[in-house]
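See below for coords.pdb, which holds PDB, C-alpha atoms.
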```pdb
ATOM      1  CA  MET A 506       0.000   0.000   0.000
ATOM      2  CA  PRO A 507       1.268   3.524  -0.718
ATOM      3  CA  GLU A 508       2.051   5.667   2.284
ATOM      4  CA  VAL A 509      -0.682   8.152   3.210
ATOM      5  CA  GLU A 510       0.652  11.671   3.622
ATOM      6  CA  LEU A 511      -0.366  13.121   6.972
ATOM      7  CA  THR A 512      -0.659  16.875   7.265
ATOM      8  CA  GLY A 513      -1.906  19.361   9.816
ATOM      9  CA  ARG A 514      -1.211  19.899  13.497
ATOM     10  CA  ALA A 515      -2.135  16.340  14.424
ATOM     11  CA  ALA A 516       0.209  14.771  11.848
ATOM     12  CA  PRO A 517       3.048  14.079  14.364
ATOM     13  CA  LEU A 518       0.564  12.411  16.711
ATOM     14  CA  TYR A 519      -0.785  10.220  13.923
ATOM     15  CA  ARG A 520       2.725   9.186  12.950
ATOM     16  CA  TRP A 521       3.479   8.189  16.547
ATOM     17  CA  LEU A 522       0.224   6.230  16.751
ATOM     18  CA  ASP A 523       1.307   4.335  13.658
ATOM     19  CA  TRP A 524       4.205   2.783  15.579
ATOM     20  CA  PRO A 525       2.101   0.376  17.715
ATOM     21  CA  LEU A 526       0.753  -1.120  14.491
ATOM     22  CA  ARG A 527       4.265  -1.454  13.117
ATOM     23  CA  LEU A 528       5.494  -3.109  16.307
ATOM     24  CA  ALA A 529       2.595  -5.554  16.320
ATOM     25  CA  LEU A 530       3.243  -6.386  12.644
ATOM     26  CA  VAL A 531       6.952  -7.003  13.273
ATOM     27  CA  THR A 532       6.109  -9.232  16.240
ATOM     28  CA  VAL A 533       3.743 -11.290  14.058
ATOM     29  CA  LEU A 534       6.413 -11.589  11.369
ATOM     30  CA  TRP A 535       8.952 -12.657  13.981
ATOM     31  CA  CYS A 536       6.612 -15.407  15.226
ATOM     32  CA  LEU A 537       6.043 -16.609  11.653
ATOM     33  CA  GLY A 538       9.792 -16.606  11.028
ATOM     34  CA  VAL A 539      10.440 -18.644  14.149
ATOM     35  CA  ALA A 540       7.769 -21.149  13.140
ATOM     36  CA  ALA A 541       9.117 -21.333   9.569
ATOM     37  CA  GLY A 542      12.475 -22.435  10.945
ATOM     38  CA  LEU A 543      10.867 -25.057  13.171
ATOM     39  CA  VAL A 544      11.663 -22.886  16.216
ATOM     40  CA  LEU A 545      15.240 -24.029  16.841
ATOM     41  CA  THR A 546      16.606 -22.842  13.502
ATOM     42  CA  GLY A 547      14.077 -20.041  13.108
ATOM     43  CA  VAL A 548      14.819 -17.842  16.121
ATOM     44  CA  ALA A 549      18.131 -16.427  14.862
ATOM     45  CA  PRO A 550      17.117 -15.457  11.284
ATOM     46  CA  ALA A 551      13.703 -14.206  12.446
ATOM     47  CA  THR A 552      15.287 -11.979  15.087
ATOM     48  CA  ILE A 553      17.804 -10.440  12.686
ATOM     49  CA  ALA A 554      15.136  -9.973  10.001
ATOM     50  CA  ALA A 555      12.870  -8.199  12.509
ATOM     51  CA  HIS A 556      15.691  -5.797  13.326
ATOM     52  CA  ARG A 557      16.134  -5.224   9.610
ATOM     53  CA  VAL A 558      12.501  -4.137   9.187
ATOM     54  CA  LEU A 559      12.676  -1.808  12.200
ATOM     55  CA  THR A 560      15.909  -0.271  10.935
ATOM     56  CA  SER A 561      14.173   0.504   7.636
ATOM     57  CA  TYR A 562      11.306   2.160   9.496
ATOM     58  CA  ARG A 563      13.712   4.183  11.613
ATOM     59  CA  GLU A 564      15.545   5.506   8.562
ATOM     60  CA  ASP A 565      12.285   7.028   7.303
ATOM     61  CA  VAL A 566      12.028   4.442   4.579
ATOM     62  CA  GLU A 567       8.545   3.022   4.049
ATOM     63  CA  PRO A 568       9.494  -0.603   3.388
ATOM     64  CA  ARG A 569       7.387  -3.518   2.334
ATOM     65  CA  PRO A 570       7.638  -5.311   5.694
ATOM     66  CA  TRP A 571       6.791  -8.747   4.324
ATOM     67  CA  THR A 572       9.403  -8.528   1.554
ATOM     68  CA  VAL A 573      12.101  -6.983   3.737
ATOM     69  CA  PHE A 574      11.536  -9.513   6.504
ATOM     70  CA  TRP A 575      11.593 -12.670   4.412
ATOM     71  CA  SER A 576      14.523 -11.471   2.332
ATOM     72  CA  GLY A 577      16.498 -10.965   5.530
ATOM     73  CA  TRP A 578      15.247 -14.255   6.956
ATOM     74  CA  ARG A 579      16.519 -16.215   3.967
ATOM     75  CA  SER A 580      19.845 -14.371   3.998
ATOM     76  CA  TRP A 581      20.477 -15.233   7.648
ATOM     77  CA  LEU A 582      18.943 -18.715   7.812
ATOM     78  CA  GLY A 583      22.328 -20.426   7.600
ATOM     79  CA  ARG A 584      24.819 -17.846   8.798
ATOM     80  CA  GLY A 585      22.586 -16.695  11.624
ATOM     81  CA  GLN A 586      22.826 -20.054  13.378
ATOM     82  CA  LEU A 587      26.449 -19.331  14.276
ATOM     83  CA  ALA A 588      26.310 -15.546  14.513
ATOM     84  CA  LEU A 589      23.246 -15.355  16.776
ATOM     85  CA  GLY A 590      21.993 -18.898  17.373
ATOM     86  CA  LEU A 591      25.114 -19.988  19.258
ATOM     87  CA  PRO A 592      25.055 -16.999  21.659
ATOM     88  CA  LEU A 593      21.330 -17.618  22.265
ATOM     89  CA  ALA A 594      22.035 -21.252  23.107
ATOM     90  CA  THR A 595      24.753 -20.138  25.519
ATOM     91  CA  VAL A 596      22.104 -18.324  27.569
ATOM     92  CA  TRP A 597      20.538 -21.670  28.440
ATOM     93  CA  VAL A 598      23.913 -23.070  29.443
ATOM     94  CA  LEU A 599      24.509 -20.151  31.812
ATOM     95  CA  ALA A 600      20.957 -20.461  33.163
ATOM     96  CA  PHE A 601      21.515 -24.176  33.814
ATOM     97  CA  TYR A 602      24.649 -23.480  35.827
ATOM     98  CA  LEU A 603      22.868 -20.691  37.701
ATOM     99  CA  VAL A 604      20.134 -23.103  38.777
ATOM    100  CA  ALA A 605      22.762 -25.667  39.764
ATOM    101  CA  VAL A 606      24.618 -23.224  42.046
ATOM    102  CA  ARG A 607      21.646 -21.163  43.231
ATOM    103  CA  GLN A 608      22.270 -21.992  46.896
ATOM    104  CA  THR A 609      26.022 -21.473  46.834
ATOM    105  CA  VAL A 610      28.345 -18.461  46.947
ATOM    106  CA  TRP A 611      28.615 -18.620  43.155
ATOM    107  CA  ALA A 612      24.967 -17.663  42.618
ATOM    108  CA  VAL A 613      25.476 -13.889  42.815
ATOM    109  CA  PRO A 614      28.522 -13.587  40.516
ATOM    110  CA  LEU A 615      26.971 -15.977  37.995
ATOM    111  CA  SER A 616      23.746 -13.944  38.066
ATOM    112  CA  VAL A 617      25.724 -10.780  37.309
ATOM    113  CA  ILE A 618      27.486 -12.547  34.440
ATOM    114  CA  LEU A 619      24.170 -13.767  33.026
ATOM    115  CA  VAL A 620      22.574 -10.304  33.162
ATOM    116  CA  GLY A 621      25.621  -8.736  31.514
ATOM    117  CA  TYR A 622      25.547 -11.413  28.830
ATOM    118  CA  LEU A 623      21.847 -10.760  28.151
ATOM    119  CA  VAL A 624      22.453  -7.024  27.778
ATOM    120  CA  THR A 625      25.261  -7.707  25.304
ATOM    121  CA  LEU A 626      23.183 -10.252  23.402
ATOM    122  CA  TRP A 627      20.316  -7.760  23.170
ATOM    123  CA  LEU A 628      22.520  -5.429  21.093
ATOM    124  CA  LEU A 629      24.039  -8.152  18.922
ATOM    125  CA  PRO A 630      21.453  -8.268  16.056
ATOM    126  CA  PRO A 631      21.867  -4.606  15.003
ATOM    127  CA  VAL A 632      25.634  -5.051  15.108
ATOM    128  CA  LEU A 633      25.364  -8.071  12.815
ATOM    129  CA  LEU A 634      23.259  -6.051  10.374
ATOM    130  CA  ASN A 635      25.855  -3.295  10.294
ATOM    131  CA  ALA A 636      28.921  -5.510  10.428
ATOM    132  CA  GLY A 637      29.765  -5.238   6.730
ATOM    133  CA  SER A 638      32.596  -7.657   5.920
ATOM    134  CA  ARG A 639      33.504  -8.335   9.546
ATOM    135  CA  ARG A 640      33.916 -11.930  10.638
ATOM    136  CA  THR A 641      31.477 -13.378  13.156
ATOM    137  CA  THR A 642      34.018 -13.234  15.980
ATOM    138  CA  GLU A 643      34.796  -9.615  15.123
ATOM    139  CA  SER A 644      31.087  -8.796  15.277
ATOM    140  CA  TRP A 645      30.878 -10.382  18.727
ATOM    141  CA  LEU A 646      33.858  -8.359  19.946
ATOM    142  CA  LEU A 647      32.402  -5.179  18.460
ATOM    143  CA  THR A 648      29.148  -5.828  20.311
ATOM    144  CA  VAL A 649      31.000  -6.188  23.603
ATOM    145  CA  HIS A 650      32.863  -2.963  22.890
ATOM    146  CA  LEU A 651      29.722  -1.007  21.986
ATOM    147  CA  THR A 652      27.819  -2.320  24.998
ATOM    148  CA  TRP A 653      30.397  -1.830  27.715
ATOM    149  CA  ARG A 654      32.406   1.154  26.502
ATOM    150  CA  ARG A 655      29.713   3.369  28.069
ATOM    151  CA  PRO A 656      27.321   0.918  29.725
ATOM    152  CA  ALA A 657      25.025   3.382  31.501
ATOM    153  CA  LEU A 658      22.599   3.824  28.596
ATOM    154  CA  PRO A 659      22.326   0.127  27.563
ATOM    155  CA  LEU A 660      21.851  -0.942  31.183
ATOM    156  CA  ALA A 661      19.224   1.739  31.837
ATOM    157  CA  VAL A 662      17.214   0.947  28.702
ATOM    158  CA  PHE A 663      17.460  -2.797  29.294
ATOM    159  CA  ALA A 664      16.264  -2.353  32.887
ATOM    160  CA  ALA A 665      13.365  -0.196  31.690
ATOM    161  CA  LEU A 666      12.349  -2.901  29.212
ATOM    162  CA  VAL A 667      12.396  -5.546  31.947
ATOM    163  CA  VAL A 668      10.321  -3.362  34.281
ATOM    164  CA  ALA A 669       7.845  -2.605  31.493
ATOM    165  CA  ALA A 670       7.538  -6.306  30.623
ATOM    166  CA  VAL A 671       6.908  -7.303  34.249
ATOM    167  CA  GLY A 672       4.395  -4.489  34.659
ATOM    168  CA  ALA A 673       2.577  -5.466  31.481
ATOM    169  CA  TRP A 674       2.459  -9.095  32.610
ATOM    170  CA  TYR A 675       0.537  -8.141  35.769
ATOM    171  CA  VAL A 676      -1.469  -5.162  34.496
ATOM    172  CA  VAL A 677      -2.045  -5.439  30.729
ATOM    173  CA  PRO A 678      -0.868  -8.849  29.479
ATOM    174  CA  ALA A 679      -2.139  -8.082  25.974
ATOM    175  CA  ALA A 680       0.533  -5.375  25.695
ATOM    176  CA  LEU A 681       3.178  -8.108  25.602
ATOM    177  CA  VAL A 682       2.346  -8.565  21.910
ATOM    178  CA  PHE A 683       4.489  -5.471  21.369
ATOM    179  CA  GLY A 684       7.330  -6.832  23.521
ATOM    180  CA  PRO A 685       9.705  -8.500  21.031
ATOM    181  CA  ALA A 686       9.503  -5.683  18.491
ATOM    182  CA  THR A 687       9.818  -3.003  21.191
ATOM    183  CA  ALA A 688      12.986  -4.618  22.541
ATOM    184  CA  ALA A 689      14.372  -4.846  19.004
ATOM    185  CA  LEU A 690      13.551  -1.191  18.276
ATOM    186  CA  ALA A 691      15.227  -0.125  21.522
ATOM    187  CA  ALA A 692      18.359  -2.074  20.543
ATOM    188  CA  VAL A 693      18.412  -0.360  17.150
ATOM    189  CA  LEU A 694      18.058   3.084  18.738
ATOM    190  CA  VAL A 695      20.664   2.493  21.437
ATOM    191  CA  SER A 696      23.267   1.109  19.056
ATOM    192  CA  SER A 697      22.675   3.366  16.039
ATOM    193  CA  ARG A 698      25.108   6.224  16.771
ATOM    194  CA  ARG A 699      27.877   3.968  18.029
ATOM    195  CA  LEU A 700      27.505   1.684  15.025
ATOM    196  CA  THR A 701      27.692   4.659  12.682
ATOM    197  CA  ARG A 702      30.987   5.747  14.188
ATOM    198  CA  ASP A 703      32.541   2.288  14.473
ATOM    199  CA  SER A 704      31.195   0.842  11.204
ATOM    200  CA  PRO A 705      31.813   3.464   8.490
ATOM    201  CA  ASP A 706      30.572   1.212   5.689
ATOM    202  CA  PRO A 707      27.550  -0.648   7.055
ATOM    203  CA  THR A 708      25.457  -3.028   5.007
ATOM    204  CA  ARG A 709      22.145  -4.607   5.778
ATOM    205  CA  SER A 710      21.520  -6.556   2.623
ATOM    206  CA  GLY A 711      22.807  -9.830   3.969
ATOM    207  CA  PRO A 712      25.168 -11.550   6.374
ATOM    208  CA  PRO A 713      28.817 -10.543   6.661
ATOM    209  CA  ALA A 714      31.406 -12.558   4.816
ATOM    210  CA  ARG A 715      33.013 -15.393   6.681
TER     211      ARG A 715
END
```

Kindly return the structure encoded in the file as structure tokens.
Amino acid sequence: MPEVELTGRAAPLYRWLDWPLRLALVTVLWCLGVAAGLVLTGVAPATIAAHRVLTSYREDVEPRPWTVFWSGWRSWLGRGQLALGLPLATVWVLAFYLVAVRQTVWAVPLSVILVGYLVTLWLLPPVLLNAGSRRTTESWLLTVHLTWRRPALPLAVFAALVVAAVGAWYVVPAALVFGPATAALAAVLVSSRRLTRDSPDPTRSGPPAR
């Protein structure tokens, strides 16, 4: 559909109200992408493709969400298993060890490590999209650098997302439909300036070269 031009004093408000619909659409696409990859192999490409759609929206481009999403999904179906799928699987390993040591002195430091890892992982998809020709390991290191060089903003935004998710769970559970896309949009916004400075020649058309 062509974009409808909004004019008048209420135009900014209408444009802001358009974002909930976009977030809900991206969340639906993400769920379809996960299902298309039989869950285990679908999470990584669906997550990166969702970030790709939101990045297009943020850059004031009116994309065809379906086309942009599935093009990105196919591009990252194989490569994404290592670039993002492996770090996602590592979360479960850390969680397993946390449960195993929950009543020991190691529970607190392991909890801190897990939270820090989740914050870093949250910013990984936009880094992968902007990585250009970087290798996978270089993209991981760049993500760590971008996250912890000045950690105040990523930690604050991540904490706000967690608080909002918990509040929505108890107050308005239906609002959780916007959760995945909202978290992805926040990651794109937080990482955008740092990625621009550290990745002078970004590309989002496909995965970085091995």

### Query
Which neighbours of stretch 616-629 of chain A fall inside 10 Å, counting all atoms listed in the file, when residues of the same chain fewer than 4 positions from it are skipped, and could you give them as number ranges by chain?
A: 553, 588-589, 592-593, 595-600, 602-604, 607, 611-612, 633-634, 644-653, 656, 659-660, 662-664, 688-689, 691-696

Those residues with C-alpha atoms, as a PDB file, keeping the file's coordinate frame please?
```pdb
ATOM      1  CA  ILE A 553      17.804 -10.440  12.686  1.00  0.00           C
ATOM      2  CA  ALA A 588      26.310 -15.546  14.513  1.00  0.00           C
ATOM      3  CA  LEU A 589      23.246 -15.355  16.776  1.00  0.00           C
ATOM      4  CA  PRO A 592      25.055 -16.999  21.659  1.00  0.00           C
ATOM      5  CA  LEU A 593      21.330 -17.618  22.265  1.00  0.00           C
ATOM      6  CA  THR A 595      24.753 -20.138  25.519  1.00  0.00           C
ATOM      7  CA  VAL A 596      22.104 -18.324  27.569  1.00  0.00           C
ATOM      8  CA  TRP A 597      20.538 -21.670  28.440  1.00  0.00           C
ATOM      9  CA  VAL A 598      23.913 -23.070  29.443  1.00  0.00           C
ATOM     10  CA  LEU A 599      24.509 -20.151  31.812  1.00  0.00           C
ATOM     11  CA  ALA A 600      20.957 -20.461  33.163  1.00  0.00           C
ATOM     12  CA  TYR A 602      24.649 -23.480  35.827  1.00  0.00           C
ATOM     13  CA  LEU A 603      22.868 -20.691  37.701  1.00  0.00           C
ATOM     14  CA  VAL A 604      20.134 -23.103  38.777  1.00  0.00           C
ATOM     15  CA  ARG A 607      21.646 -21.163  43.231  1.00  0.00           C
ATOM     16  CA  TRP A 611      28.615 -18.620  43.155  1.00  0.00           C
ATOM     17  CA  ALA A 612      24.967 -17.663  42.618  1.00  0.00           C
ATOM     18  CA  LEU A 633      25.364  -8.071  12.815  1.00  0.00           C
ATOM     19  CA  LEU A 634      23.259  -6.051  10.374  1.00  0.00           C
ATOM     20  CA  SER A 644      31.087  -8.796  15.277  1.00  0.00           C
ATOM     21  CA  TRP A 645      30.878 -10.382  18.727  1.00  0.00           C
ATOM     22  CA  LEU A 646      33.858  -8.359  19.946  1.00  0.00           C
ATOM     23  CA  LEU A 647      32.402  -5.179  18.460  1.00  0.00           C
ATOM     24  CA  THR A 648      29.148  -5.828  20.311  1.00  0.00           C
ATOM     25  CA  VAL A 649      31.000  -6.188  23.603  1.00  0.00           C
ATOM     26  CA  HIS A 650      32.863  -2.963  22.890  1.00  0.00           C
ATOM     27  CA  LEU A 651      29.722  -1.007  21.986  1.00  0.00           C
ATOM     28  CA  THR A 652      27.819  -2.320  24.998  1.00  0.00           C
ATOM     29  CA  TRP A 653      30.397  -1.830  27.715  1.00  0.00           C
ATOM     30  CA  PRO A 656      27.321   0.918  29.725  1.00  0.00           C
ATOM     31  CA  PRO A 659      22.326   0.127  27.563  1.00  0.00           C
ATOM     32  CA  LEU A 660      21.851  -0.942  31.183  1.00  0.00           C
ATOM     33  CA  VAL A 662      17.214   0.947  28.702  1.00  0.00           C
ATOM     34  CA  PHE A 663      17.460  -2.797  29.294  1.00  0.00           C
ATOM     35  CA  ALA A 664      16.264  -2.353  32.887  1.00  0.00           C
ATOM     36  CA  ALA A 688      12.986  -4.618  22.541  1.00  0.00           C
ATOM     37  CA  ALA A 689      14.372  -4.846  19.004  1.00  0.00           C
ATOM     38  CA  ALA A 691      15.227  -0.125  21.522  1.00  0.00           C
ATOM     39  CA  ALA A 692      18.359  -2.074  20.543  1.00  0.00           C
ATOM     40  CA  VAL A 693      18.412  -0.360  17.150  1.00  0.00           C
ATOM     41  CA  LEU A 694      18.058   3.084  18.738  1.00  0.00           C
ATOM     42  CA  VAL A 695      20.664   2.493  21.437  1.00  0.00           C
ATOM     43  CA  SER A 696      23.267   1.109  19.056  1.00  0.00           C
TER      44      SER A 696
END
```

#### Entry: Using all atoms listed in the file: which of A:Ala594, A:Ala661, A:Ala551, A:Ala669 has the shortest distance to A:Ser580
A:Ala551

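Shortest separation to A:Pro631 among A:Leu591, A:Val606, A:Ala670, A:Leu559 occurs at residue A:Leu559, atoms counted being all atoms listed in the file.
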
Put a box with edges along x, y and z around all the listed atoms of stretch 534-542 of chain A, pad it by 6 Å on each side, then give me its centre and sizes in Å, one decimal, as AutoDock Vina command-line options.
```
--center_x 9.3 --center_y -17.0 --center_z 12.4 --size_x 18.4 --size_y 22.8 --size_z 17.7
```

### Task
Go through A:Leu522, A:Tyr675, A:Val610, A:Arg527 and flag the residue nearest A:Arg563, using all atoms listed in the file for the distances.
A:Arg527

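Proximity to A:His556 was assessed for A:Ala686, A:Leu543, A:Ala680, A:Leu666 counting all atoms listed in the file; the smallest distance is recorded for A:Ala686.
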
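When you apply the PyMOL selection byres ((chain A and resi 582) around 8) to this structure, what comes back is Thr546, Gly547, Ala549, Pro550, Trp578, Arg579, Ser580, Trp581, Gly583, Arg584, Gly585 and Gln586 of chain A.
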
Keeping only C-alpha atoms, write those residues as a PDB file, in the coordinates of the input.
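File produced: part26.pdb:
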```pdb
ATOM      1  CA  THR A 546      16.606 -22.842  13.502  1.00  0.00           C
ATOM      2  CA  GLY A 547      14.077 -20.041  13.108  1.00  0.00           C
ATOM      3  CA  ALA A 549      18.131 -16.427  14.862  1.00  0.00           C
ATOM      4  CA  PRO A 550      17.117 -15.457  11.284  1.00  0.00           C
ATOM      5  CA  TRP A 578      15.247 -14.255   6.956  1.00  0.00           C
ATOM      6  CA  ARG A 579      16.519 -16.215   3.967  1.00  0.00           C
ATOM      7  CA  SER A 580      19.845 -14.371   3.998  1.00  0.00           C
ATOM      8  CA  TRP A 581      20.477 -15.233   7.648  1.00  0.00           C
ATOM      9  CA  GLY A 583      22.328 -20.426   7.600  1.00  0.00           C
ATOM     10  CA  ARG A 584      24.819 -17.846   8.798  1.00  0.00           C
ATOM     11  CA  GLY A 585      22.586 -16.695  11.624  1.00  0.00           C
ATOM     12  CA  GLN A 586      22.826 -20.054  13.378  1.00  0.00           C
TER      13      GLN A 586
END
```

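With atom CA of A:Ala555 on one side and atom CA of A:Trp575 on the other, the separation reads 9.3 Å.
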
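Picture a line from atom CA of A:Pro570 to atom CA of A:Leu587; it runs 25.0 Å.
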